[in-house]
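Asks: My structure is stored as upload-v1.pdb, with PDB, C-alpha atoms and all ligand atoms.
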ATOM      1  CA  MET V   1      61.483 141.102 128.245
ATOM      2  CA  PRO V   2      61.394 137.675 126.542
ATOM      3  CA  VAL V   3      58.897 135.210 128.023
ATOM      4  CA  HIS V   4      59.654 131.499 128.227
ATOM      5  CA  THR V   5      57.121 129.466 126.241
ATOM      6  CA  ARG V   6      56.709 127.029 129.161
ATOM      7  CA  SER V   7      56.279 129.713 131.847
ATOM      8  CA  ARG V   8      53.049 129.518 133.906
ATOM      9  CA  PRO V   9      51.357 132.533 132.288
ATOM     10  CA  MET V  10      52.189 131.250 128.777
ATOM     11  CA  LEU V  11      50.730 127.834 129.590
ATOM     12  CA  TRP V  12      47.540 129.461 130.922
ATOM     13  CA  ILE V  13      47.205 131.552 127.783
ATOM     14  CA  LYS V  14      47.763 128.506 125.599
ATOM     15  CA  ALA V  15      45.195 126.467 127.562
ATOM     16  CA  LEU V  16      42.609 129.236 127.164
ATOM     17  CA  HIS V  17      43.521 129.553 123.460
ATOM     18  CA  ILE V  18      42.680 125.856 123.000
ATOM     19  CA  VAL V  19      39.453 126.088 125.075
ATOM     20  CA  PHE V  20      38.138 128.911 122.878
ATOM     21  CA  VAL V  21      39.299 127.239 119.647
ATOM     22  CA  VAL V  22      37.094 124.277 120.667
ATOM     23  CA  THR V  23      34.171 126.620 121.473
ATOM     24  CA  TRP V  24      34.613 128.339 118.102
ATOM     25  CA  PHE V  25      34.631 125.034 116.229
ATOM     26  CA  ALA V  26      31.452 123.836 117.971
ATOM     27  CA  GLY V  27      29.676 126.616 116.045
ATOM     28  CA  LEU V  28      31.660 126.223 112.809
ATOM     29  CA  PHE V  29      30.712 122.525 112.768
ATOM     30  CA  TYR V  30      27.101 122.745 113.900
ATOM     31  CA  LEU V  31      25.694 125.895 112.261
ATOM     32  CA  PRO V  32      25.852 124.366 108.749
ATOM     33  CA  ARG V  33      24.036 121.264 110.151
ATOM     34  CA  LEU V  34      21.214 123.515 111.372
ATOM     35  CA  PHE V  35      21.092 125.073 107.869
ATOM     36  CA  ILE V  36      20.729 121.590 106.318
ATOM     37  CA  TYR V  37      17.767 120.774 108.614
ATOM     38  CA  HIS V  38      16.261 124.177 107.812
ATOM     39  CA  ALA V  39      16.679 123.775 104.032
ATOM     40  CA  GLU V  40      15.054 120.330 104.186
ATOM     41  CA  SER V  41      12.081 121.289 106.400
ATOM     42  CA  ASP V  42       8.667 122.282 105.092
ATOM     43  CA  ASN V  43       7.279 122.768 108.615
ATOM     44  CA  ALA V  44       7.051 126.484 109.519
ATOM     45  CA  ALA V  45       7.216 125.825 113.296
ATOM     46  CA  VAL V  46      10.381 123.728 112.908
ATOM     47  CA  ARG V  47      11.972 126.433 110.724
ATOM     48  CA  ALA V  48      11.120 129.105 113.323
ATOM     49  CA  GLN V  49      12.736 126.980 116.053
ATOM     50  CA  LEU V  50      15.828 126.447 113.897
ATOM     51  CA  GLN V  51      16.102 130.222 113.330
ATOM     52  CA  VAL V  52      16.299 130.759 117.108
ATOM     53  CA  MET V  53      18.936 128.004 117.447
ATOM     54  CA  GLN V  54      20.988 129.464 114.580
ATOM     55  CA  ARG V  55      20.965 132.967 116.088
ATOM     56  CA  ARG V  56      21.968 131.732 119.564
ATOM     57  CA  LEU V  57      24.683 129.415 118.259
ATOM     58  CA  LEU V  58      26.077 132.219 116.089
ATOM     59  CA  GLY V  59      26.405 134.353 119.254
ATOM     60  CA  ILE V  60      28.428 131.630 121.009
ATOM     61  CA  THR V  61      30.504 131.143 117.852
ATOM     62  CA  HIS V  62      31.343 134.881 117.764
ATOM     63  CA  ILE V  63      32.492 134.759 121.397
ATOM     64  CA  GLY V  64      34.564 131.571 120.895
ATOM     65  CA  GLY V  65      36.188 132.939 117.732
ATOM     66  CA  ALA V  66      36.974 136.359 119.210
ATOM     67  CA  LEU V  67      38.555 134.840 122.341
ATOM     68  CA  ALA V  68      40.489 132.152 120.405
ATOM     69  CA  LEU V  69      42.011 134.895 118.243
ATOM     70  CA  THR V  70      42.621 137.141 121.281
ATOM     71  CA  PHE V  71      44.599 134.445 123.136
ATOM     72  CA  GLY V  72      46.452 133.457 119.931
ATOM     73  CA  ILE V  73      47.489 137.067 119.272
ATOM     74  CA  TRP V  74      48.381 137.532 122.955
ATOM     75  CA  THR V  75      50.790 134.582 122.615
ATOM     76  CA  LEU V  76      52.434 136.302 119.650
ATOM     77  CA  ILE V  77      52.803 139.554 121.594
ATOM     78  CA  LEU V  78      54.544 137.714 124.458
ATOM     79  CA  VAL V  79      56.687 135.499 122.182
ATOM     80  CA  PRO V  80      57.278 137.511 118.988
ATOM     81  CA  SER V  81      59.885 134.981 117.783
ATOM     82  CA  TYR V  82      56.960 132.789 116.604
ATOM     83  CA  LEU V  83      56.499 135.405 113.887
ATOM     84  CA  HIS V  84      59.707 134.203 112.186
ATOM     85  CA  GLN V  85      58.468 130.632 111.840
ATOM     86  CA  GLY V  86      57.044 129.370 108.538
ATOM     87  CA  TRP V  87      54.362 127.134 110.103
ATOM     88  CA  LEU V  88      52.883 130.197 111.841
ATOM     89  CA  HIS V  89      52.610 132.112 108.546
ATOM     90  CA  ALA V  90      50.802 129.141 106.976
ATOM     91  CA  LYS V  91      48.573 128.865 110.062
ATOM     92  CA  LEU V  92      47.655 132.561 109.946
ATOM     93  CA  ALA V  93      46.716 132.229 106.255
ATOM     94  CA  LEU V  94      44.400 129.325 107.196
ATOM     95  CA  VAL V  95      42.971 131.337 110.116
ATOM     96  CA  LEU V  96      42.048 134.098 107.634
ATOM     97  CA  GLY V  97      40.172 131.444 105.641
ATOM     98  CA  LEU V  98      38.325 130.396 108.812
ATOM     99  CA  VAL V  99      37.382 134.000 109.569
ATOM    100  CA  ALA V 100      35.967 134.298 106.017
ATOM    101  CA  TYR V 101      34.011 131.034 106.560
ATOM    102  CA  HIS V 102      32.700 132.424 109.878
ATOM    103  CA  ALA V 103      31.614 135.681 108.179
ATOM    104  CA  TYR V 104      29.773 133.664 105.536
ATOM    105  CA  LEU V 105      28.007 131.673 108.282
ATOM    106  CA  ALA V 106      26.800 134.969 109.766
ATOM    107  CA  HIS V 107      25.493 135.949 106.313
ATOM    108  CA  LEU V 108      23.650 132.598 106.029
ATOM    109  CA  VAL V 109      22.120 133.008 109.526
ATOM    110  CA  LYS V 110      20.676 136.322 108.297
ATOM    111  CA  GLN V 111      19.363 134.743 105.064
ATOM    112  CA  PHE V 112      17.817 131.737 106.851
ATOM    113  CA  GLY V 113      16.439 134.158 109.479
ATOM    114  CA  GLU V 114      14.412 135.759 106.677
ATOM    115  CA  ASP V 115      13.632 132.356 105.082
ATOM    116  CA  ARG V 116      15.500 133.442 101.947
ATOM    117  CA  ASN V 117      17.835 130.458 101.520
ATOM    118  CA  THR V 118      19.204 129.997  98.001
ATOM    119  CA  ARG V 119      21.462 126.964  98.689
ATOM    120  CA  SER V 120      20.554 123.312  98.101
ATOM    121  CA  SER V 121      20.940 120.871 100.973
ATOM    122  CA  ARG V 122      23.604 119.056  98.910
ATOM    123  CA  TRP V 123      25.619 122.287  98.635
ATOM    124  CA  LEU V 124      25.239 122.826 102.393
ATOM    125  CA  ARG V 125      26.477 119.270 103.098
ATOM    126  CA  VAL V 126      29.677 119.887 101.157
ATOM    127  CA  PHE V 127      30.045 123.342 102.797
ATOM    128  CA  ASN V 128      29.667 121.614 106.189
ATOM    129  CA  GLU V 129      32.901 119.642 105.616
ATOM    130  CA  VAL V 130      35.104 122.715 105.064
ATOM    131  CA  PRO V 131      35.937 123.543 108.740
ATOM    132  CA  ALA V 132      37.110 119.941 109.328
ATOM    133  CA  LEU V 133      39.733 120.409 106.590
ATOM    134  CA  PHE V 134      40.916 123.667 108.197
ATOM    135  CA  LEU V 135      41.046 122.034 111.619
ATOM    136  CA  ILE V 136      43.156 119.096 110.392
ATOM    137  CA  ALA V 137      45.569 121.377 108.516
ATOM    138  CA  ILE V 138      45.988 123.823 111.437
ATOM    139  CA  VAL V 139      46.485 121.144 114.100
ATOM    140  CA  LEU V 140      49.081 119.374 111.902
ATOM    141  CA  LEU V 141      50.892 122.700 111.437
ATOM    142  CA  VAL V 142      50.982 123.672 115.127
ATOM    143  CA  VAL V 143      51.951 120.217 116.351
ATOM    144  CA  LEU V 144      54.396 119.071 113.631
ATOM    145  CA  LYS V 145      55.773 122.553 112.831
ATOM    146  CA  PRO V 146      57.084 121.323 109.469
ATOM    147  CA  THR V 147      58.755 124.624 108.484
TER     148      THR V 147
HETATM  149  C1  LIG U 201      44.858 134.720 115.178
HETATM  150  C2  LIG U 201      44.775 133.403 115.260
HETATM  151  C3  LIG U 201      45.761 132.526 115.968
HETATM  152  C4  LIG U 201      47.018 132.834 116.419
HETATM  153  C5  LIG U 201      47.765 134.161 116.351
HETATM  154  C6  LIG U 201      47.540 131.634 117.031
HETATM  155  C7  LIG U 201      48.796 131.524 117.613
HETATM  156  C8  LIG U 201      49.244 130.433 118.308
HETATM  157  C9  LIG U 201      50.546 130.311 118.919
HETATM  158  C10 LIG U 201      51.636 131.359 118.852
HETATM  159  C11 LIG U 201      50.608 129.113 119.535
HETATM  160  C12 LIG U 201      51.776 128.544 120.371
HETATM  161  C13 LIG U 201      52.476 127.483 119.560
HETATM  162  C14 LIG U 201      53.391 126.646 120.435
HETATM  163  O1  LIG U 201      53.302 126.713 121.654
HETATM  164  O2  LIG U 201      54.189 125.924 119.875
HETATM  165  C15 LIG U 201      49.341 128.445 119.310
HETATM  166  C16 LIG U 201      49.013 127.190 119.783
HETATM  167  C17 LIG U 201      47.968 126.448 119.332
HETATM  168  N1  LIG U 201      46.989 126.878 118.444
HETATM  169 FE1  LIG U 201      46.764 128.745 117.729
HETATM  170  N2  LIG U 201      46.606 130.630 116.937
HETATM  171  C18 LIG U 201      45.509 131.132 116.285
HETATM  172  C19 LIG U 201      44.358 130.433 115.935
HETATM  173  C20 LIG U 201      44.222 129.061 116.090
HETATM  174  C21 LIG U 201      43.175 128.252 115.520
HETATM  175  C22 LIG U 201      42.047 128.787 114.653
HETATM  176  C23 LIG U 201      43.409 126.959 115.895
HETATM  177  C24 LIG U 201      42.641 125.711 115.566
HETATM  178  C25 LIG U 201      42.034 125.496 114.464
HETATM  179  C26 LIG U 201      44.553 126.942 116.740
HETATM  180  C27 LIG U 201      45.057 125.826 117.357
HETATM  181  C28 LIG U 201      46.139 125.824 118.206
HETATM  182  C29 LIG U 201      46.580 124.666 118.989
HETATM  183  C30 LIG U 201      45.909 123.287 119.008
HETATM  184  C31 LIG U 201      47.726 125.072 119.708
HETATM  185  C32 LIG U 201      48.543 124.232 120.694
HETATM  186  C33 LIG U 201      49.785 123.690 120.025
HETATM  187  C34 LIG U 201      50.739 123.008 120.961
HETATM  188  O3  LIG U 201      50.631 123.141 122.180
HETATM  189  O4  LIG U 201      51.649 122.331 120.469
HETATM  190  N3  LIG U 201      45.049 128.241 116.824
HETATM  191  N4  LIG U 201      48.527 129.266 118.570
END
Could you rewrite the structure in this file as structure tokens?

Replies:
Amino acid sequence: MPVHTRSRPMLWIKALHIVFVVTWFAGLFYLPRLFIYHAESDNAAVRAQLQVMQRRLLGITHIGGALALTFGIWTLILVPSYLHQGWLHAKLALVLGLVAYHAYLAHLVKQFGEDRNTRSSRWLRVFNEVPALFLIAIVLLVVLKPT
């Protein structure tokens, strides 16, 4: 049975989708910052504290990401006609990029957890900007729906 996109349940699902997108991005934005502080610190106690913060923030980031994707996919199940729209295809391609970025963050948490970082703080600063580009592109796609 087709579901109207402005029905109550759809609006609840969309609201929760946005809440968990924000939660996900808190981690995508802040984990690389913690890596920069870690790479620049020569104080063992500070690095140990940062390792704890990285592990905990990664946990929250996993939960935010999993629920953002769950509510996004749920929307598609209820309104499959979105699947015929070009902006959604472009968005899903960008989401795959974000998932790859997230997986790489998890890899870096493991490396920093063992104090085996190989990246310069300059590299990490550039890497830190990547999720902002994804966020801008995805929000423009979902709001403007250019295709
Ligand atoms: C598997 C991943 C995802 C799927 C399947 C998905 C799917 C959807 C769908 C079908 C809508 C409804 C569009 C509309 O009502 O016009 C939507 C809304 C939205 N999505 Fe996603 N999404 C996903 C991930 C993301 C991510 C990663 C972001 C942010 C970076 C995001 C941001 C938004 C926003 C801001 C809206 C609200 C748009 C509006 O109300 O006009 N989504 N999503």

Asks: Using only C-alpha atoms and all ligand atoms, what are the residues with an atom within 6 Å of ligand LIG 201 (chain U), set out as a list in words?

Replies: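 Result of the 6 Å neighbour search around ligand LIG 201 (chain U): Ile18, Val21, Leu69, Gly72, Ile73, Thr75, Leu76, Tyr82, Val95, Leu135, Ile138, Val139, Val142 and Val143 of chain V.
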
Asks: Report as CSV the residues of range 85-123 of chain V within 9 Å of range 36-53 of chain V, each with its shortest atom pair and distance in Å (one decimal), using all atoms listed in the file, ordered by chain and increasing residue number.

Replies:
residue,atom,partner,partner_atom,distance
V:Val109,CA,V:Gln51,CA,7.6
V:Phe112,CA,V:Gln51,CA,6.9
V:Gly113,CA,V:Gln51,CA,5.5
V:Glu114,CA,V:Gln51,CA,8.8
V:Asp115,CA,V:Arg47,CA,8.3
V:Asn117,CA,V:Ala39,CA,7.2
V:Arg119,CA,V:Ala39,CA,7.8
V:Ser120,CA,V:Ala39,CA,7.1
V:Ser121,CA,V:Ile36,CA,5.4
V:Arg122,CA,V:Ile36,CA,8.3

Asks: Keeping only C-alpha atoms, write the selected residues to a file as a PDB file, keeping the file's coordinate frame.

Replies:
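Saved result, again.pdb, follows:
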ATOM      1  CA  VAL V 109      22.120 133.008 109.526  1.00  0.00           C
ATOM      2  CA  PHE V 112      17.817 131.737 106.851  1.00  0.00           C
ATOM      3  CA  GLY V 113      16.439 134.158 109.479  1.00  0.00           C
ATOM      4  CA  GLU V 114      14.412 135.759 106.677  1.00  0.00           C
ATOM      5  CA  ASP V 115      13.632 132.356 105.082  1.00  0.00           C
ATOM      6  CA  ASN V 117      17.835 130.458 101.520  1.00  0.00           C
ATOM      7  CA  ARG V 119      21.462 126.964  98.689  1.00  0.00           C
ATOM      8  CA  SER V 120      20.554 123.312  98.101  1.00  0.00           C
ATOM      9  CA  SER V 121      20.940 120.871 100.973  1.00  0.00           C
ATOM     10  CA  ARG V 122      23.604 119.056  98.910  1.00  0.00           C
TER      11      ARG V 122
END

Asks: Under the PyMOL selection byres (((chain V and resi 141) around 12) and not hetatm), which residues of this model are included? Write them out as a list in words.

Replies: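 Checking the PyMOL selection byres (((chain V and resi 141) around 12) and not hetatm) against this file, the residues are Gln85, Gly86, Trp87, Leu88, His89, Ala90, Lys91, Leu92, Ala93, Leu94, Val95, Phe134, Leu135, Ile136, Ala137, Ile138, Val139, Leu140, Val142, Val143, Leu144, Lys145, Pro146 and Thr147 of chain V.
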
Asks: When you look at Ala15 in chain V with a cut-off of 12 Å (counting only C-alpha atoms), what residues show up, excluding the ones that are within fewer than 4 positions of it in the same chain? I need them as a count of residues only.

Replies: 14

Asks: Around all the atoms of range 120-123 of chain V listed in the file, draw an axis-aligned box and extend it by 4 Å on each of the six sides; I want its centre and edge lengths in Å to one decimal, as AutoDock Vina command-line options.

Replies:
--center_x 23.1 --center_y 121.2 --center_z 99.5 --size_x 13.1 --size_y 12.3 --size_z 10.9

Asks: For the atom pair CA of Thr118 in chain V and CA of Ile60 in chain V, what is the interatomic distance in Å to one decimal place?

Replies: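 For CA of Thr118 in chain V relative to CA of Ile60 in chain V, the distance reads 24.8 Å.
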
Asks: Hey, which of V:His102, V:His107, V:Arg56, V:Arg116 ends up closest to Pro131 in chain V? Count only C-alpha atoms.

Replies: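 Closest candidate: V:His102.
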
Asks: Since the input lacks some atoms of range 123-142 of chain V, please model N, CA, C and O atoms and print them as a PDB file, keeping the file's coordinate frame.

Replies:
ATOM      1  N   TRP V 123      24.561 121.258  98.550  1.00  0.00           N
ATOM      2  CA  TRP V 123      25.619 122.287  98.635  1.00  0.00           C
ATOM      3  C   TRP V 123      25.998 122.505 100.112  1.00  0.00           C
ATOM      4  O   TRP V 123      27.186 122.569 100.460  1.00  0.00           O
ATOM      5  N   LEU V 124      24.976 122.580 100.970  1.00  0.00           N
ATOM      6  CA  LEU V 124      25.239 122.826 102.393  1.00  0.00           C
ATOM      7  C   LEU V 124      26.008 121.657 103.020  1.00  0.00           C
ATOM      8  O   LEU V 124      26.848 121.853 103.897  1.00  0.00           O
ATOM      9  N   ARG V 125      25.754 120.436 102.555  1.00  0.00           N
ATOM     10  CA  ARG V 125      26.477 119.270 103.098  1.00  0.00           C
ATOM     11  C   ARG V 125      27.953 119.331 102.759  1.00  0.00           C
ATOM     12  O   ARG V 125      28.808 119.010 103.584  1.00  0.00           O
ATOM     13  N   VAL V 126      28.263 119.762 101.543  1.00  0.00           N
ATOM     14  CA  VAL V 126      29.677 119.887 101.157  1.00  0.00           C
ATOM     15  C   VAL V 126      30.312 121.033 101.964  1.00  0.00           C
ATOM     16  O   VAL V 126      31.397 120.893 102.546  1.00  0.00           O
ATOM     17  N   PHE V 127      29.582 122.167 102.041  1.00  0.00           N
ATOM     18  CA  PHE V 127      30.045 123.342 102.797  1.00  0.00           C
ATOM     19  C   PHE V 127      30.341 122.976 104.255  1.00  0.00           C
ATOM     20  O   PHE V 127      31.289 123.481 104.868  1.00  0.00           O
ATOM     21  N   ASN V 128      29.535 122.057 104.799  1.00  0.00           N
ATOM     22  CA  ASN V 128      29.667 121.614 106.189  1.00  0.00           C
ATOM     23  C   ASN V 128      31.011 120.917 106.465  1.00  0.00           C
ATOM     24  O   ASN V 128      31.474 120.865 107.609  1.00  0.00           O
ATOM     25  N   GLU V 129      31.641 120.381 105.427  1.00  0.00           N
ATOM     26  CA  GLU V 129      32.901 119.642 105.616  1.00  0.00           C
ATOM     27  C   GLU V 129      34.114 120.572 105.673  1.00  0.00           C
ATOM     28  O   GLU V 129      35.199 120.163 106.100  1.00  0.00           O
ATOM     29  N   VAL V 130      33.948 121.817 105.214  1.00  0.00           N
ATOM     30  CA  VAL V 130      35.104 122.715 105.064  1.00  0.00           C
ATOM     31  C   VAL V 130      35.862 122.952 106.383  1.00  0.00           C
ATOM     32  O   VAL V 130      37.093 122.837 106.416  1.00  0.00           O
ATOM     33  N   PRO V 131      35.166 123.261 107.513  1.00  0.00           N
ATOM     34  CA  PRO V 131      35.937 123.543 108.740  1.00  0.00           C
ATOM     35  C   PRO V 131      36.768 122.354 109.203  1.00  0.00           C
ATOM     36  O   PRO V 131      37.843 122.551 109.795  1.00  0.00           O
ATOM     37  N   ALA V 132      36.327 121.121 108.918  1.00  0.00           N
ATOM     38  CA  ALA V 132      37.110 119.941 109.328  1.00  0.00           C
ATOM     39  C   ALA V 132      38.469 119.958 108.616  1.00  0.00           C
ATOM     40  O   ALA V 132      39.500 119.632 109.218  1.00  0.00           O
ATOM     41  N   LEU V 133      38.467 120.368 107.345  1.00  0.00           N
ATOM     42  CA  LEU V 133      39.733 120.409 106.590  1.00  0.00           C
ATOM     43  C   LEU V 133      40.674 121.450 107.198  1.00  0.00           C
ATOM     44  O   LEU V 133      41.879 121.218 107.358  1.00  0.00           O
ATOM     45  N   PHE V 134      40.099 122.624 107.547  1.00  0.00           N
ATOM     46  CA  PHE V 134      40.916 123.667 108.197  1.00  0.00           C
ATOM     47  C   PHE V 134      41.475 123.163 109.525  1.00  0.00           C
ATOM     48  O   PHE V 134      42.640 123.374 109.837  1.00  0.00           O
ATOM     49  N   LEU V 135      40.616 122.501 110.300  1.00  0.00           N
ATOM     50  CA  LEU V 135      41.046 122.034 111.619  1.00  0.00           C
ATOM     51  C   LEU V 135      42.223 121.052 111.488  1.00  0.00           C
ATOM     52  O   LEU V 135      43.242 121.193 112.181  1.00  0.00           O
ATOM     53  N   ILE V 136      42.088 120.093 110.568  1.00  0.00           N
ATOM     54  CA  ILE V 136      43.156 119.096 110.392  1.00  0.00           C
ATOM     55  C   ILE V 136      44.451 119.800 109.984  1.00  0.00           C
ATOM     56  O   ILE V 136      45.518 119.575 110.574  1.00  0.00           O
ATOM     57  N   ALA V 137      44.356 120.705 109.013  1.00  0.00           N
ATOM     58  CA  ALA V 137      45.569 121.377 108.516  1.00  0.00           C
ATOM     59  C   ALA V 137      46.219 122.208 109.622  1.00  0.00           C
ATOM     60  O   ALA V 137      47.448 122.164 109.818  1.00  0.00           O
ATOM     61  N   ILE V 138      45.412 122.939 110.411  1.00  0.00           N
ATOM     62  CA  ILE V 138      45.988 123.823 111.437  1.00  0.00           C
ATOM     63  C   ILE V 138      46.612 123.000 112.562  1.00  0.00           C
ATOM     64  O   ILE V 138      47.722 123.295 113.017  1.00  0.00           O
ATOM     65  N   VAL V 139      45.922 121.956 113.001  1.00  0.00           N
ATOM     66  CA  VAL V 139      46.485 121.144 114.100  1.00  0.00           C
ATOM     67  C   VAL V 139      47.784 120.473 113.639  1.00  0.00           C
ATOM     68  O   VAL V 139      48.785 120.453 114.374  1.00  0.00           O
ATOM     69  N   LEU V 140      47.825 119.974 112.396  1.00  0.00           N
ATOM     70  CA  LEU V 140      49.081 119.374 111.902  1.00  0.00           C
ATOM     71  C   LEU V 140      50.194 120.424 111.895  1.00  0.00           C
ATOM     72  O   LEU V 140      51.327 120.143 112.298  1.00  0.00           O
ATOM     73  N   LEU V 141      49.859 121.647 111.476  1.00  0.00           N
ATOM     74  CA  LEU V 141      50.892 122.700 111.437  1.00  0.00           C
ATOM     75  C   LEU V 141      51.418 123.034 112.825  1.00  0.00           C
ATOM     76  O   LEU V 141      52.633 123.121 113.035  1.00  0.00           O
ATOM     77  N   VAL V 142      50.499 123.231 113.807  1.00  0.00           N
ATOM     78  CA  VAL V 142      50.982 123.672 115.127  1.00  0.00           C
ATOM     79  C   VAL V 142      51.703 122.546 115.876  1.00  0.00           C
ATOM     80  O   VAL V 142      52.597 122.813 116.670  1.00  0.00           O
TER      81      VAL V 142
END
